[in-house]
Amino acid sequence: MAHEPLVTVETADFSVTYVLALDDDADTVEDVDAVIRARGGKGWTATFMTLRKIAEGMDDRSTTGECADGLYLRIPDLVIVREGGLDAMTRALVDLFGEYGMDTDVLPRFDDDEEDEEGEDD
């Protein structure tokens with residue numbers, strides 16, 4: 001393996017763990033999933049894609065028949081970035097949380113405490 005599949009980047013307010021494929025390069029990756037965790041424990045998921053990767057995905061679906069033959073692409077936690085690479089994606093998150101705050105629901109949230117409580121037997 002050329003690199004570790006999980007790359008964690010720390011910022012002042014949160015950490016983000018990117019899930020890289022084996023052939024992904026952290027400096028140029030254009031399609032990657034991420035898990036973001038605030039210092040207080042709140043968490044979010046995100047899928048980062050460049051415009052090129054979005055077009056490529058829609059073109060692929062036009063041949064597989066998915067998504068009405070590539071008519072649309074639906075990704076609930078999508079963050080579109082102009083350029084690839086984990087640095088650009090982290091900068092986008094810093095700006096997003098700077099704009100909306102750390103209590104935002106702008107990305108799908110998860111909370112380990114809520115999951116633990118739901119899984120407990122009464």
# chains A, B, ... in the order shown; residues from 1 in each chain; ligands from 1
$ residues_around --residues "A:Leu78" --least-positions-apart "2" --cutoff "6 Å" --atoms "only C-alpha atoms" --output "PyMOL selection string"
chain A and resi 46-48+75-76
$ residues_around --residues "A:Ala12" --least-positions-apart "3" --cutoff "10 Å" --atoms "only C-alpha atoms" --output "JSON list (two decimals) with N, CA and C atoms, in the first residue's frame"
[["chain", "number", "residue", "atom", "x", "y", "z"],
["A", 15, "SER", "N", -11.50, 18.00, 13.85],
["A", 15, "SER", "CA", -10.61, 17.12, 13.09],
["A", 15, "SER", "C", -11.44, 16.52, 11.96],
["A", 38, "ALA", "N", -16.09, 17.67, 15.82],
["A", 38, "ALA", "CA", -15.80, 18.90, 16.56],
["A", 38, "ALA", "C", -15.15, 18.55, 17.88],
["A", 39, "ARG", "N", -14.45, 19.52, 18.48],
["A", 39, "ARG", "CA", -13.79, 19.29, 19.77],
["A", 39, "ARG", "C", -14.80, 18.89, 20.84],
["A", 94, "VAL", "N", -13.10, 24.56, 6.95],
["A", 94, "VAL", "CA", -12.80, 25.65, 7.87],
["A", 94, "VAL", "C", -13.70, 26.85, 7.56]]
$ closest_residue --among "A:Met102, A:Leu22, A:Cys67, A:Ala92" --to "A:His3" --atoms "only C-alpha atoms"
A:Leu22
$ select_by_dssp --residues "chain A" --states "strand (DSSP E)" --output "PyMOL selection string"
chain A and resi 6-10+14-19+31-38+43-50+78-81+109-110
$ closest_residue --among "A:Ala88, A:Val106, A:Val16, A:Leu71" --to "A:Arg37" --atoms "only C-alpha atoms"
A:Val16
$ residues_around --residues "A:Arg109" --least-positions-apart "6" --cutoff "10 Å" --atoms "only C-alpha atoms" --output "PyMOL selection string"
chain A and resi 35-37+42-46+77+103
